[in-house]
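These notes concern the structure reproduced below.
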Amino acid sequence: MKFKSELDKDFSPIILGWEDFQKRATKPFGIAIEDADGFNYRFKCKIGSSKGENYFFIERIVKSLLWIVGGYKIYLAGNGEISERIRADYEIGARVFDAGIVKAVYDRPVEIITCEHLPKLKRRTVMAGGNTKGCRIGFDAGGSDRKVSAVIDGEVVFSEEVVWHPKINADPQYHFDGILSALKTAAAKMPKVDSIGVSSAGIYINNRTCVASLFKEVPKEQFHLVRNIYERTAEALGKNIPVTVANDGDVTAIAGGMMLKSNGVLGIAMGTSQAGGYLNADGGLNGWLSELAFAPCDISAKAVEDPWSGDFGTGVNYFSQDAVIKLCPEAGINLDPKATPAEKLSAVQELMKKQDPRAKEIYRTIGIYLGYTLPFYSLFYDIKYALVLGRVLSGAGGDLIVSTAIDVLKTEFPDCGIQVVTPDENFKRVGQSIAASSL
(Lines give C-alpha, C1' and ligand atoms only; values in the text may rest on other atoms or scores of the structure.)
Protein backbone atom coordinates (compact mmCIF):
# COMPACT_ATOMS: atom_id res chain seq x y z
CA MET A 1 0.00 0.00 0.00
CA LYS A 2 1.82 3.07 -1.30
CA PHE A 3 -0.56 5.78 0.00
CA LYS A 4 -1.07 6.13 3.73
CA SER A 5 -2.46 8.79 6.03
CA GLU A 6 -1.23 9.75 9.46
CA LEU A 7 -4.87 10.22 10.45
CA ASP A 8 -5.89 6.61 9.75
CA LYS A 9 -2.80 4.44 9.90
CA ASP A 10 -4.90 1.29 10.27
CA PHE A 11 -6.90 1.73 7.04
CA SER A 12 -6.78 -1.58 5.18
CA PRO A 13 -8.52 -1.38 1.78
CA ILE A 14 -10.75 -4.33 1.07
CA ILE A 15 -9.59 -4.43 -2.56
CA LEU A 16 -5.97 -5.14 -1.59
CA GLY A 17 -7.00 -7.91 0.79
CA TRP A 18 -9.37 -9.39 -1.79
CA GLU A 19 -6.80 -9.33 -4.60
CA ASP A 20 -4.21 -11.00 -2.39
CA PHE A 21 -6.75 -13.63 -1.34
CA GLN A 22 -7.70 -14.36 -4.96
CA LYS A 23 -4.04 -14.78 -5.98
CA ARG A 24 -3.63 -17.54 -3.39
CA ALA A 25 -7.06 -19.18 -3.76
CA THR A 26 -7.55 -22.16 -6.09
CA LYS A 27 -11.04 -23.64 -5.60
CA PRO A 28 -13.99 -22.21 -7.62
CA PHE A 29 -16.81 -20.53 -5.72
CA GLY A 30 -19.92 -18.80 -7.01
CA ILE A 31 -22.45 -16.34 -5.61
CA ALA A 32 -25.74 -15.18 -7.11
CA ILE A 33 -28.28 -12.76 -5.69
CA GLU A 34 -31.86 -12.58 -6.91
CA ASP A 35 -34.61 -10.00 -6.35
CA ALA A 36 -38.38 -10.34 -6.09
CA ASP A 37 -38.84 -9.99 -9.86
CA GLY A 38 -36.47 -12.84 -10.62
CA PHE A 39 -33.59 -10.67 -11.88
CA ASN A 40 -30.19 -11.71 -10.62
CA TYR A 41 -26.46 -11.06 -10.64
CA ARG A 42 -23.70 -13.66 -10.58
CA PHE A 43 -20.23 -13.31 -9.06
CA LYS A 44 -17.58 -15.95 -9.62
CA CYS A 45 -14.38 -16.16 -7.59
CA LYS A 46 -12.12 -18.63 -5.77
CA ILE A 47 -11.57 -19.81 -2.22
CA GLY A 48 -8.49 -21.28 -0.56
CA SER A 49 -7.54 -23.71 2.17
CA SER A 50 -8.08 -21.46 5.21
CA LYS A 51 -11.63 -21.80 6.57
CA GLY A 52 -11.42 -18.51 8.45
CA GLU A 53 -10.11 -16.54 5.50
CA ASN A 54 -12.60 -18.13 3.10
CA TYR A 55 -15.51 -17.22 5.32
CA PHE A 56 -14.27 -13.69 5.99
CA PHE A 57 -13.90 -12.67 2.37
CA ILE A 58 -16.98 -14.46 1.04
CA GLU A 59 -19.06 -12.87 3.81
CA ARG A 60 -17.74 -9.43 2.81
CA ILE A 61 -18.61 -10.07 -0.85
CA VAL A 62 -22.10 -11.32 0.05
CA LYS A 63 -22.64 -8.21 2.17
CA SER A 64 -21.45 -6.03 -0.73
CA LEU A 65 -23.76 -7.75 -3.21
CA LEU A 66 -26.71 -7.42 -0.86
CA TRP A 67 -26.34 -3.64 -0.74
CA ILE A 68 -24.96 -2.96 -4.21
CA VAL A 69 -27.18 -5.24 -6.29
CA GLY A 70 -30.00 -5.98 -3.88
CA GLY A 71 -32.18 -9.05 -3.52
CA TYR A 72 -33.34 -11.59 -0.99
CA LYS A 73 -32.24 -14.95 -2.44
CA ILE A 74 -28.52 -15.58 -2.10
CA TYR A 75 -27.15 -18.66 -3.88
CA LEU A 76 -23.77 -20.00 -2.75
CA ALA A 77 -21.99 -22.69 -4.77
CA GLY A 78 -18.71 -24.29 -3.80
CA ASN A 79 -18.62 -24.84 -0.03
CA GLY A 80 -21.54 -25.81 2.21
CA GLU A 81 -19.78 -24.86 5.43
CA ILE A 82 -19.44 -21.24 4.29
CA SER A 83 -23.12 -21.24 3.35
CA GLU A 84 -24.17 -22.43 6.79
CA ARG A 85 -22.09 -19.80 8.58
CA ILE A 86 -23.52 -17.02 6.42
CA ARG A 87 -27.06 -18.34 6.92
CA ALA A 88 -26.53 -18.13 10.68
CA ASP A 89 -25.26 -14.56 10.31
CA TYR A 90 -28.51 -13.45 8.71
CA GLU A 91 -30.80 -15.45 10.98
CA ILE A 92 -29.37 -14.77 14.43
CA GLY A 93 -25.89 -13.31 14.02
CA ALA A 94 -24.06 -10.18 12.94
CA ARG A 95 -26.16 -9.53 9.83
CA VAL A 96 -29.64 -9.41 11.40
CA PHE A 97 -29.81 -5.67 10.67
CA ASP A 98 -29.23 -6.38 6.98
CA ALA A 99 -31.81 -9.16 7.06
CA GLY A 100 -34.33 -6.75 8.58
CA ILE A 101 -33.77 -4.23 5.79
CA VAL A 102 -34.22 -6.95 3.18
CA LYS A 103 -37.53 -7.93 4.78
CA ALA A 104 -38.66 -4.29 4.75
CA VAL A 105 -37.73 -3.82 1.08
CA TYR A 106 -38.88 -7.10 -0.46
CA ASP A 107 -41.41 -8.25 2.14
CA ARG A 108 -39.53 -11.55 2.17
CA PRO A 109 -36.86 -12.95 4.50
CA VAL A 110 -33.30 -13.50 3.33
CA GLU A 111 -32.83 -16.97 1.85
CA ILE A 112 -29.35 -18.52 1.81
CA ILE A 113 -29.41 -21.34 -0.74
CA THR A 114 -26.59 -23.87 -1.01
CA CYS A 115 -26.32 -25.17 -4.56
CA GLU A 116 -24.00 -26.89 -7.02
CA HIS A 117 -24.71 -24.54 -9.94
CA LEU A 118 -25.76 -20.90 -9.97
CA PRO A 119 -29.04 -19.92 -11.65
CA LYS A 120 -28.93 -18.60 -15.20
CA LEU A 121 -28.11 -14.90 -15.42
CA LYS A 122 -31.11 -12.58 -15.78
CA ARG A 123 -30.34 -8.84 -15.99
CA ARG A 124 -32.39 -5.75 -16.82
CA THR A 125 -32.02 -2.11 -17.81
CA VAL A 126 -34.43 0.55 -16.56
CA MET A 127 -34.44 3.72 -18.63
CA ALA A 128 -34.80 6.88 -16.52
CA GLY A 129 -34.17 10.60 -16.74
CA GLY A 130 -33.54 12.77 -19.76
CA ASN A 131 -37.03 14.28 -19.86
CA THR A 132 -36.75 18.04 -20.23
CA LYS A 133 -39.94 19.29 -21.89
CA GLY A 134 -42.40 21.37 -19.94
CA CYS A 135 -42.41 22.95 -16.48
CA ARG A 136 -40.72 20.60 -14.07
CA ILE A 137 -39.80 20.61 -10.39
CA GLY A 138 -36.74 18.75 -9.17
CA PHE A 139 -36.46 18.13 -5.43
CA ASP A 140 -33.38 16.74 -3.66
CA ALA A 141 -33.98 15.62 -0.08
CA GLY A 142 -30.67 15.70 1.75
CA GLY A 143 -30.02 15.01 5.39
CA SER A 144 -28.73 18.52 6.14
CA ASP A 145 -30.43 20.62 3.50
CA ARG A 146 -33.10 20.29 0.87
CA LYS A 147 -32.67 21.63 -2.64
CA VAL A 148 -35.34 22.42 -5.18
CA SER A 149 -35.14 23.58 -8.79
CA ALA A 150 -37.73 24.93 -11.21
CA VAL A 151 -36.88 23.88 -14.76
CA ILE A 152 -38.64 24.99 -17.95
CA ASP A 153 -37.77 23.09 -21.14
CA GLY A 154 -34.42 22.07 -19.69
CA GLU A 155 -33.48 25.57 -18.49
CA VAL A 156 -33.16 26.20 -14.76
CA VAL A 157 -35.18 29.29 -13.81
CA PHE A 158 -34.86 28.91 -10.04
CA SER A 159 -32.84 26.92 -7.48
CA GLU A 160 -32.86 27.09 -3.71
CA GLU A 161 -31.18 25.37 -0.75
CA VAL A 162 -32.77 25.35 2.69
CA VAL A 163 -31.25 23.89 5.86
CA TRP A 164 -33.42 21.32 7.62
CA HIS A 165 -32.93 18.43 10.04
CA PRO A 166 -34.97 15.41 8.93
CA LYS A 167 -32.73 12.75 10.46
CA ILE A 168 -33.34 13.95 13.99
CA ASN A 169 -37.04 14.75 13.59
CA ALA A 170 -39.60 12.14 14.60
CA ASP A 171 -42.70 14.14 13.57
CA PRO A 172 -43.91 13.13 10.08
CA GLN A 173 -45.57 16.53 9.77
CA TYR A 174 -42.15 18.21 9.95
CA HIS A 175 -41.07 16.26 6.88
CA PHE A 176 -44.32 16.85 5.02
CA ASP A 177 -44.27 20.60 5.67
CA GLY A 178 -40.63 20.94 4.59
CA ILE A 179 -41.14 19.08 1.33
CA LEU A 180 -44.37 20.90 0.49
CA SER A 181 -42.78 24.27 1.24
CA ALA A 182 -39.98 23.54 -1.25
CA LEU A 183 -42.41 22.39 -3.94
CA LYS A 184 -44.59 25.47 -3.50
CA THR A 185 -41.55 27.77 -3.72
CA ALA A 186 -40.49 26.24 -7.04
CA ALA A 187 -44.03 26.11 -8.39
CA ALA A 188 -44.40 29.85 -7.81
CA LYS A 189 -41.56 30.46 -10.29
CA MET A 190 -43.36 28.76 -13.20
CA PRO A 191 -46.71 29.23 -14.97
CA LYS A 192 -47.66 25.60 -14.26
CA VAL A 193 -46.23 22.32 -12.98
CA ASP A 194 -46.16 19.39 -15.42
CA SER A 195 -44.22 16.96 -13.26
CA ILE A 196 -42.22 16.49 -10.07
CA GLY A 197 -39.03 14.47 -9.80
CA VAL A 198 -37.60 13.57 -6.40
CA SER A 199 -34.07 12.53 -5.45
CA SER A 200 -34.14 11.10 -1.95
CA ALA A 201 -31.77 9.07 0.20
CA GLY A 202 -33.09 5.59 0.85
CA ILE A 203 -34.78 2.72 -0.93
CA TYR A 204 -37.96 3.48 -2.87
CA ILE A 205 -40.25 1.15 -4.81
CA ASN A 206 -43.12 2.58 -6.85
CA ASN A 207 -42.47 6.03 -5.32
CA ARG A 208 -42.95 4.69 -1.80
CA THR A 209 -40.46 4.69 1.03
CA CYS A 210 -39.16 1.26 2.04
CA VAL A 211 -36.13 2.32 4.09
CA ALA A 212 -34.64 5.80 4.47
CA SER A 213 -32.22 7.34 6.93
CA LEU A 214 -34.10 10.63 6.52
CA PHE A 215 -37.05 9.13 8.36
CA LYS A 216 -35.21 6.86 10.78
CA GLU A 217 -36.57 8.69 13.84
CA VAL A 218 -40.20 8.40 12.70
CA PRO A 219 -41.95 5.86 14.98
CA LYS A 220 -43.05 2.60 13.38
CA GLU A 221 -46.69 3.32 14.15
CA GLN A 222 -46.43 6.55 12.12
CA PHE A 223 -44.20 5.32 9.31
CA HIS A 224 -47.20 4.96 7.00
CA LEU A 225 -47.29 8.77 6.94
CA VAL A 226 -43.87 8.94 5.29
CA ARG A 227 -44.23 5.82 3.17
CA ASN A 228 -46.11 7.78 0.49
CA ILE A 229 -45.01 11.26 1.59
CA TYR A 230 -43.87 12.41 -1.85
CA GLU A 231 -47.15 11.41 -3.47
CA ARG A 232 -49.08 13.17 -0.70
CA THR A 233 -47.10 16.41 -1.05
CA ALA A 234 -47.50 16.32 -4.83
CA GLU A 235 -51.25 15.92 -4.38
CA ALA A 236 -51.28 18.83 -1.93
CA LEU A 237 -49.53 20.99 -4.52
CA GLY A 238 -52.09 20.22 -7.20
CA LYS A 239 -54.21 17.37 -8.44
CA ASN A 240 -52.96 14.99 -11.12
CA ILE A 241 -49.34 16.17 -11.05
CA PRO A 242 -47.22 13.08 -11.80
CA VAL A 243 -44.36 12.42 -9.39
CA THR A 244 -41.36 10.10 -9.76
CA VAL A 245 -39.15 9.23 -6.78
CA ALA A 246 -35.66 7.82 -7.22
CA ASN A 247 -32.76 7.00 -4.95
CA ASP A 248 -30.40 9.97 -4.73
CA GLY A 249 -27.48 7.87 -5.92
CA ASP A 250 -29.28 6.90 -9.11
CA VAL A 251 -30.10 10.55 -9.71
CA THR A 252 -26.41 11.37 -9.22
CA ALA A 253 -25.56 8.88 -11.95
CA ILE A 254 -28.22 10.34 -14.24
CA ALA A 255 -26.81 13.80 -13.57
CA GLY A 256 -23.36 12.48 -14.43
CA GLY A 257 -24.57 11.03 -17.70
CA MET A 258 -26.21 14.36 -18.60
CA MET A 259 -23.07 16.30 -17.73
CA LEU A 260 -20.54 13.96 -19.33
CA LYS A 261 -22.75 12.91 -22.26
CA SER A 262 -21.57 9.36 -21.60
CA ASN A 263 -22.62 6.07 -20.01
CA GLY A 264 -20.83 3.75 -17.59
CA VAL A 265 -21.06 6.38 -14.85
CA LEU A 266 -20.87 5.53 -11.17
CA GLY A 267 -22.24 8.46 -9.20
CA ILE A 268 -21.17 8.93 -5.59
CA ALA A 269 -22.73 11.66 -3.49
CA MET A 270 -20.90 12.47 -0.27
CA GLY A 271 -23.23 14.34 2.04
CA THR A 272 -25.01 13.40 5.23
CA SER A 273 -24.41 9.81 4.17
CA GLN A 274 -22.96 8.16 1.07
CA ALA A 275 -25.22 7.65 -1.90
CA GLY A 276 -24.42 5.65 -4.98
CA GLY A 277 -25.97 5.07 -8.38
CA TYR A 278 -24.93 3.67 -11.73
CA LEU A 279 -25.76 4.54 -15.32
CA ASN A 280 -24.93 1.41 -17.30
CA ALA A 281 -23.49 0.99 -20.79
CA ASP A 282 -27.01 1.15 -22.26
CA GLY A 283 -27.66 4.53 -20.66
CA GLY A 284 -30.13 3.09 -18.16
CA LEU A 285 -30.22 1.89 -14.55
CA ASN A 286 -29.66 -1.72 -13.50
CA GLY A 287 -32.49 -1.62 -11.00
CA TRP A 288 -29.96 -2.21 -8.23
CA LEU A 289 -29.98 -0.76 -4.72
CA SER A 290 -26.48 0.79 -4.93
CA GLU A 291 -26.61 1.60 -1.22
CA LEU A 292 -22.85 2.05 -0.98
CA ALA A 293 -23.09 3.50 2.53
CA PHE A 294 -23.49 -0.09 3.78
CA ALA A 295 -20.90 -1.69 1.48
CA PRO A 296 -17.54 -2.48 3.12
CA CYS A 297 -14.37 -0.64 2.13
CA ASP A 298 -12.03 -1.16 5.11
CA ILE A 299 -11.17 -4.58 6.55
CA SER A 300 -8.97 -3.35 9.39
CA ALA A 301 -9.74 -4.89 12.77
CA LYS A 302 -9.84 -1.30 14.05
CA ALA A 303 -12.25 0.00 11.40
CA VAL A 304 -14.89 2.36 12.74
CA GLU A 305 -18.38 1.00 13.49
CA ASP A 306 -21.55 2.29 11.87
CA PRO A 307 -23.93 2.75 14.81
CA TRP A 308 -27.03 2.16 12.65
CA SER A 309 -26.08 -1.16 11.04
CA GLY A 310 -23.55 -2.30 13.65
CA ASP A 311 -21.07 -3.26 10.93
CA PHE A 312 -17.48 -2.06 10.63
CA GLY A 313 -15.58 -0.39 7.82
CA THR A 314 -18.61 0.50 5.70
CA GLY A 315 -18.80 3.46 3.33
CA VAL A 316 -20.90 5.79 5.45
CA ASN A 317 -17.93 6.55 7.71
CA TYR A 318 -15.51 7.05 4.82
CA PHE A 319 -17.48 9.00 2.21
CA SER A 320 -19.75 11.42 4.04
CA GLN A 321 -19.65 14.33 6.46
CA ASP A 322 -19.19 11.69 9.18
CA ALA A 323 -15.85 10.83 7.56
CA VAL A 324 -14.69 14.42 7.95
CA ILE A 325 -15.88 14.57 11.55
CA LYS A 326 -14.32 11.23 12.60
CA LEU A 327 -10.89 12.38 11.37
CA CYS A 328 -10.92 15.69 13.24
CA PRO A 329 -9.63 14.38 16.61
CA GLU A 330 -6.68 12.68 14.91
CA ALA A 331 -6.00 15.89 12.98
CA GLY A 332 -6.03 17.94 16.18
CA ILE A 333 -9.17 19.88 15.27
CA ASN A 334 -11.57 20.50 18.14
CA LEU A 335 -15.16 20.95 17.02
CA ASP A 336 -18.04 22.40 19.00
CA PRO A 337 -19.75 19.35 20.52
CA LYS A 338 -23.08 21.18 20.39
CA ALA A 339 -22.82 21.85 16.66
CA THR A 340 -24.81 19.79 14.17
CA PRO A 341 -22.88 17.49 11.80
CA ALA A 342 -23.47 19.96 8.97
CA GLU A 343 -22.08 22.79 11.09
CA LYS A 344 -19.04 20.69 11.97
CA LEU A 345 -18.40 20.03 8.30
CA SER A 346 -18.70 23.75 7.56
CA ALA A 347 -16.14 24.50 10.29
CA VAL A 348 -13.61 22.19 8.64
CA GLN A 349 -14.38 23.70 5.25
CA GLU A 350 -13.63 27.15 6.67
CA LEU A 351 -10.26 25.87 7.89
CA MET A 352 -9.63 24.49 4.42
CA LYS A 353 -10.27 27.92 2.91
CA LYS A 354 -7.42 29.17 5.09
CA GLN A 355 -5.16 26.34 3.83
CA ASP A 356 -5.01 24.81 7.31
CA PRO A 357 -2.69 21.76 7.01
CA ARG A 358 -4.85 19.77 9.42
CA ALA A 359 -7.90 20.20 7.19
CA LYS A 360 -5.81 19.35 4.13
CA GLU A 361 -4.81 16.02 5.64
CA ILE A 362 -8.45 15.19 6.35
CA TYR A 363 -9.40 15.66 2.71
CA ARG A 364 -6.27 13.88 1.51
CA THR A 365 -7.25 10.91 3.70
CA ILE A 366 -10.73 10.77 2.16
CA GLY A 367 -9.08 10.89 -1.26
CA ILE A 368 -6.99 7.86 -0.27
CA TYR A 369 -10.13 6.07 0.85
CA LEU A 370 -11.76 6.83 -2.51
CA GLY A 371 -8.76 5.83 -4.62
CA TYR A 372 -8.58 2.41 -3.00
CA THR A 373 -12.34 1.82 -2.90
CA LEU A 374 -13.27 2.59 -6.52
CA PRO A 375 -11.41 -0.51 -7.79
CA PHE A 376 -13.41 -2.61 -5.34
CA TYR A 377 -16.65 -1.13 -6.71
CA SER A 378 -15.40 -1.98 -10.20
CA LEU A 379 -15.68 -5.68 -9.31
CA PHE A 380 -19.45 -5.16 -9.64
CA TYR A 381 -19.83 -2.10 -11.90
CA ASP A 382 -18.21 -1.48 -15.28
CA ILE A 383 -16.99 2.03 -14.45
CA LYS A 384 -15.85 4.47 -17.12
CA TYR A 385 -16.38 7.57 -15.02
CA ALA A 386 -16.70 8.02 -11.26
CA LEU A 387 -18.63 11.23 -10.68
CA VAL A 388 -18.24 12.50 -7.11
CA LEU A 389 -20.25 15.35 -5.68
CA GLY A 390 -22.15 16.44 -2.59
CA ARG A 391 -21.51 18.85 0.25
CA VAL A 392 -18.25 17.14 1.28
CA LEU A 393 -16.86 17.86 -2.21
CA SER A 394 -17.49 21.60 -1.95
CA GLY A 395 -14.51 23.91 -2.16
CA ALA A 396 -10.79 23.20 -2.16
CA GLY A 397 -11.27 20.12 0.01
CA GLY A 398 -13.24 18.45 -2.76
CA ASP A 399 -10.49 19.22 -5.27
CA LEU A 400 -7.94 17.58 -2.96
CA ILE A 401 -10.13 14.48 -2.56
CA VAL A 402 -10.35 14.10 -6.33
CA SER A 403 -6.68 14.75 -7.07
CA THR A 404 -5.57 12.32 -4.36
CA ALA A 405 -7.93 9.61 -5.61
CA ILE A 406 -6.58 10.08 -9.14
CA ASP A 407 -3.00 9.72 -7.86
CA VAL A 408 -3.89 6.49 -6.04
CA LEU A 409 -5.56 5.02 -9.12
CA LYS A 410 -2.70 5.94 -11.46
CA THR A 411 -0.07 4.52 -9.11
CA GLU A 412 -1.75 1.46 -7.61
CA PHE A 413 -4.28 0.52 -10.30
CA PRO A 414 -2.88 1.82 -13.61
CA ASP A 415 -5.02 -0.53 -15.72
CA CYS A 416 -8.39 0.10 -14.06
CA GLY A 417 -9.41 2.81 -16.54
CA ILE A 418 -11.58 4.74 -14.07
CA GLN A 419 -11.73 8.50 -14.62
CA VAL A 420 -12.65 10.48 -11.49
CA VAL A 421 -14.54 13.68 -12.26
CA THR A 422 -16.46 16.29 -10.34
CA PRO A 423 -18.82 19.03 -11.53
CA ASP A 424 -18.56 22.75 -10.89
CA GLU A 425 -19.56 24.16 -7.49
CA ASN A 426 -23.15 24.98 -8.42
CA PHE A 427 -23.76 21.56 -9.95
CA LYS A 428 -22.21 19.86 -6.90
CA ARG A 429 -24.79 21.45 -4.67
CA VAL A 430 -27.97 21.55 -6.78
CA GLY A 431 -27.16 19.24 -9.69
CA GLN A 432 -29.18 16.41 -8.21
CA SER A 433 -32.32 18.51 -7.94
CA ILE A 434 -31.87 19.61 -11.55
CA ALA A 435 -31.35 16.02 -12.70
CA ALA A 436 -34.33 14.92 -10.61
CA SER A 437 -36.54 17.25 -12.62
CA SER A 438 -35.85 15.07 -15.68
CA LEU A 439 -37.28 11.93 -14.06
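Every chain in the C-alpha coordinates takes a letter, A first, then B, and so on in the order presented; its residues are numbered from 1, and the ligands are numbered from 1 following the presented order.
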(request) From a DSSP pass on the backbone, collect the residues of segment 45-238 of chain A flagged as strand (DSSP E) and hand them back as a ChimeraX atom specification. (result) /A:45-47,73-77,111-115,135-141,145-152,155-163,195-200,203-205,208-211
(message) What's around Tyr230 of chain A at 8 Å? Count only C-alpha atoms, leave out sequence neighbours fewer than 4 positions away in its own chain, and write the answer as a list of chain:residue names.
(response) A:Ile179, A:Val198, A:Asn207, A:Arg208, A:Val226, A:Ala234, A:Val243, A:Val245
Using only N, CA and C atoms, please write the residues we just selected to a file, as a PDB file, in the first residue's frame.
ATOM      1  N   ILE A 179     -41.099  19.463   2.747  1.00  0.00           N
ATOM      2  CA  ILE A 179     -41.143  19.084   1.334  1.00  0.00           C
ATOM      3  C   ILE A 179     -42.150  19.948   0.575  1.00  0.00           C
ATOM      4  N   VAL A 198     -38.165  13.527  -7.744  1.00  0.00           N
ATOM      5  CA  VAL A 198     -37.603  13.570  -6.397  1.00  0.00           C
ATOM      6  C   VAL A 198     -36.361  12.694  -6.311  1.00  0.00           C
ATOM      7  N   ASN A 207     -42.373   4.703  -5.953  1.00  0.00           N
ATOM      8  CA  ASN A 207     -42.466   6.028  -5.319  1.00  0.00           C
ATOM      9  C   ASN A 207     -42.668   5.973  -3.809  1.00  0.00           C
ATOM     10  N   ARG A 208     -42.663   4.819  -3.230  1.00  0.00           N
ATOM     11  CA  ARG A 208     -42.947   4.690  -1.803  1.00  0.00           C
ATOM     12  C   ARG A 208     -41.698   4.332  -1.016  1.00  0.00           C
ATOM     13  N   VAL A 226     -44.987   8.571   6.156  1.00  0.00           N
ATOM     14  CA  VAL A 226     -43.869   8.939   5.286  1.00  0.00           C
ATOM     15  C   VAL A 226     -43.676   7.930   4.155  1.00  0.00           C
ATOM     16  N   ALA A 234     -47.179  15.972  -3.446  1.00  0.00           N
ATOM     17  CA  ALA A 234     -47.500  16.319  -4.835  1.00  0.00           C
ATOM     18  C   ALA A 234     -48.995  16.571  -4.986  1.00  0.00           C
ATOM     19  N   VAL A 243     -45.582  12.331 -10.181  1.00  0.00           N
ATOM     20  CA  VAL A 243     -44.362  12.421  -9.385  1.00  0.00           C
ATOM     21  C   VAL A 243     -43.573  11.127  -9.558  1.00  0.00           C
ATOM     22  N   VAL A 245     -40.135   9.213  -7.865  1.00  0.00           N
ATOM     23  CA  VAL A 245     -39.154   9.234  -6.782  1.00  0.00           C
ATOM     24  C   VAL A 245     -38.045   8.235  -7.099  1.00  0.00           C
TER      25      VAL A 245
END
Output as a Markdown table one row per residue of segment 376-433 of chain A within 12 Å of segment 318-326 of chain A: the closest atom pair and its distance in Å to one decimal place, counting only C-alpha atoms, sorted by chain and residue number ascending.
| residue | atom | partner | partner_atom | distance |
| --- | --- | --- | --- | --- |
| A:Val388 | CA | A:Phe319 | CA | 10.0 |
| A:Leu389 | CA | A:Ser320 | CA | 10.5 |
| A:Gly390 | CA | A:Ser320 | CA | 8.6 |
| A:Arg391 | CA | A:Gln321 | CA | 7.9 |
| A:Val392 | CA | A:Gln321 | CA | 6.1 |
| A:Leu393 | CA | A:Ser320 | CA | 9.4 |
| A:Ser394 | CA | A:Gln321 | CA | 11.3 |
| A:Gly397 | CA | A:Val324 | CA | 10.4 |
| A:Gly398 | CA | A:Phe319 | CA | 11.5 |
| A:Ile401 | CA | A:Phe319 | CA | 10.3 |
Store the residues picked out above in a file with N, CA, C and O atoms, as a PDB file, in the first residue's frame.
ATOM      1  N   VAL A 388     -18.096  12.276  -8.545  1.00  0.00           N
ATOM      2  CA  VAL A 388     -18.241  12.496  -7.111  1.00  0.00           C
ATOM      3  C   VAL A 388     -18.721  13.919  -6.867  1.00  0.00           C
ATOM      4  O   VAL A 388     -18.230  14.874  -7.468  1.00  0.00           O
ATOM      5  N   LEU A 389     -19.694  14.041  -6.006  1.00  0.00           N
ATOM      6  CA  LEU A 389     -20.252  15.346  -5.684  1.00  0.00           C
ATOM      7  C   LEU A 389     -20.891  15.289  -4.304  1.00  0.00           C
ATOM      8  O   LEU A 389     -20.757  14.306  -3.586  1.00  0.00           O
ATOM      9  N   GLY A 390     -21.557  16.346  -3.911  1.00  0.00           N
ATOM     10  CA  GLY A 390     -22.149  16.435  -2.586  1.00  0.00           C
ATOM     11  C   GLY A 390     -21.449  17.482  -1.743  1.00  0.00           C
ATOM     12  O   GLY A 390     -20.402  18.025  -2.123  1.00  0.00           O
ATOM     13  N   ARG A 391     -22.007  17.764  -0.595  1.00  0.00           N
ATOM     14  CA  ARG A 391     -21.511  18.849   0.254  1.00  0.00           C
ATOM     15  C   ARG A 391     -20.057  18.640   0.681  1.00  0.00           C
ATOM     16  O   ARG A 391     -19.294  19.601   0.800  1.00  0.00           O
ATOM     17  N   VAL A 392     -19.634  17.399   0.887  1.00  0.00           N
ATOM     18  CA  VAL A 392     -18.248  17.142   1.282  1.00  0.00           C
ATOM     19  C   VAL A 392     -17.273  17.550   0.184  1.00  0.00           C
ATOM     20  O   VAL A 392     -16.128  17.895   0.448  1.00  0.00           O
ATOM     21  N   LEU A 393     -17.727  17.527  -1.072  1.00  0.00           N
ATOM     22  CA  LEU A 393     -16.860  17.864  -2.209  1.00  0.00           C
ATOM     23  C   LEU A 393     -16.792  19.358  -2.485  1.00  0.00           C
ATOM     24  O   LEU A 393     -16.086  19.785  -3.398  1.00  0.00           O
ATOM     25  N   SER A 394     -17.493  20.157  -1.713  1.00  0.00           N
ATOM     26  CA  SER A 394     -17.493  21.600  -1.951  1.00  0.00           C
ATOM     27  C   SER A 394     -16.128  22.209  -1.625  1.00  0.00           C
ATOM     28  O   SER A 394     -15.470  21.831  -0.654  1.00  0.00           O
ATOM     29  N   GLY A 397     -11.347  21.466  -0.555  1.00  0.00           N
ATOM     30  CA  GLY A 397     -11.270  20.123   0.009  1.00  0.00           C
ATOM     31  C   GLY A 397     -11.709  19.076  -0.995  1.00  0.00           C
ATOM     32  O   GLY A 397     -11.091  18.010  -1.114  1.00  0.00           O
ATOM     33  N   GLY A 398     -12.762  19.375  -1.733  1.00  0.00           N
ATOM     34  CA  GLY A 398     -13.236  18.455  -2.760  1.00  0.00           C
ATOM     35  C   GLY A 398     -12.200  18.245  -3.849  1.00  0.00           C
ATOM     36  O   GLY A 398     -11.997  17.122  -4.333  1.00  0.00           O
ATOM     37  N   ILE A 401      -9.625  15.853  -2.554  1.00  0.00           N
ATOM     38  CA  ILE A 401     -10.131  14.479  -2.559  1.00  0.00           C
ATOM     39  C   ILE A 401      -9.970  13.871  -3.944  1.00  0.00           C
ATOM     40  O   ILE A 401      -9.451  12.761  -4.108  1.00  0.00           O
TER      41      ILE A 401
END
(request) Would you mind listing what lies within 9 Å of segment 97-111 of chain A as JSON, numbers by chain, with only C-alpha atoms counted and same-chain residues fewer than 2 positions away left out? (result) {"A": [35, 36, 63, 66, 67, 70, 71, 72, 73, 74, 75, 87, 90, 91, 94, 95, 113, 203, 204, 205, 209, 210, 211, 308, 309, 310]}
(message) With DSSP run on the backbone, what are the helix (DSSP H, G or I) residues within segment 308-396 of chain A? I'd like them as a ChimeraX atom specification.
(response) /A:315-317,321-331,341-353,357-377,391-393,395-396
(message) I'd like the neighbourhood of segment 272-279 of chain A as a ChimeraX atom specification, where a residue qualifies if any of its atoms comes within 8 Å (using only C-alpha atoms), though same-chain residues fewer than 3 positions away should be ignored.
(response) /A:142-144,201,247-254,257,263-269,282-286,289-293,315-316,319-322,342,381
(request) Would you kindly return, as JSON, numbers by chain, each protein, DNA or RNA residue with an atom no farther than 8 Å from any atom of Asp140 of chain A, considering only C-alpha atoms and excluding same-chain residues fewer than 6 positions away? (result) {"A": [146, 147, 148, 198, 199, 200, 248, 430, 432, 433, 436]}
(request) Find the residues near Lys360 of chain A: any atom within 12 Å, counting only C-alpha atoms, skip ones fewer than 5 places away on the same chain, and give them as a list in words. (result) Ser5, Glu6, Leu7, Val324, Leu327, Cys328, Ala331, Ile333, Val348, Gln349, Glu350, Leu351, Met352, Lys353, Lys354, Gln355, Thr365, Ile366, Gly367, Gly395, Ala396, Gly397, Gly398, Asp399, Leu400, Ile401 and Thr404 of chain A
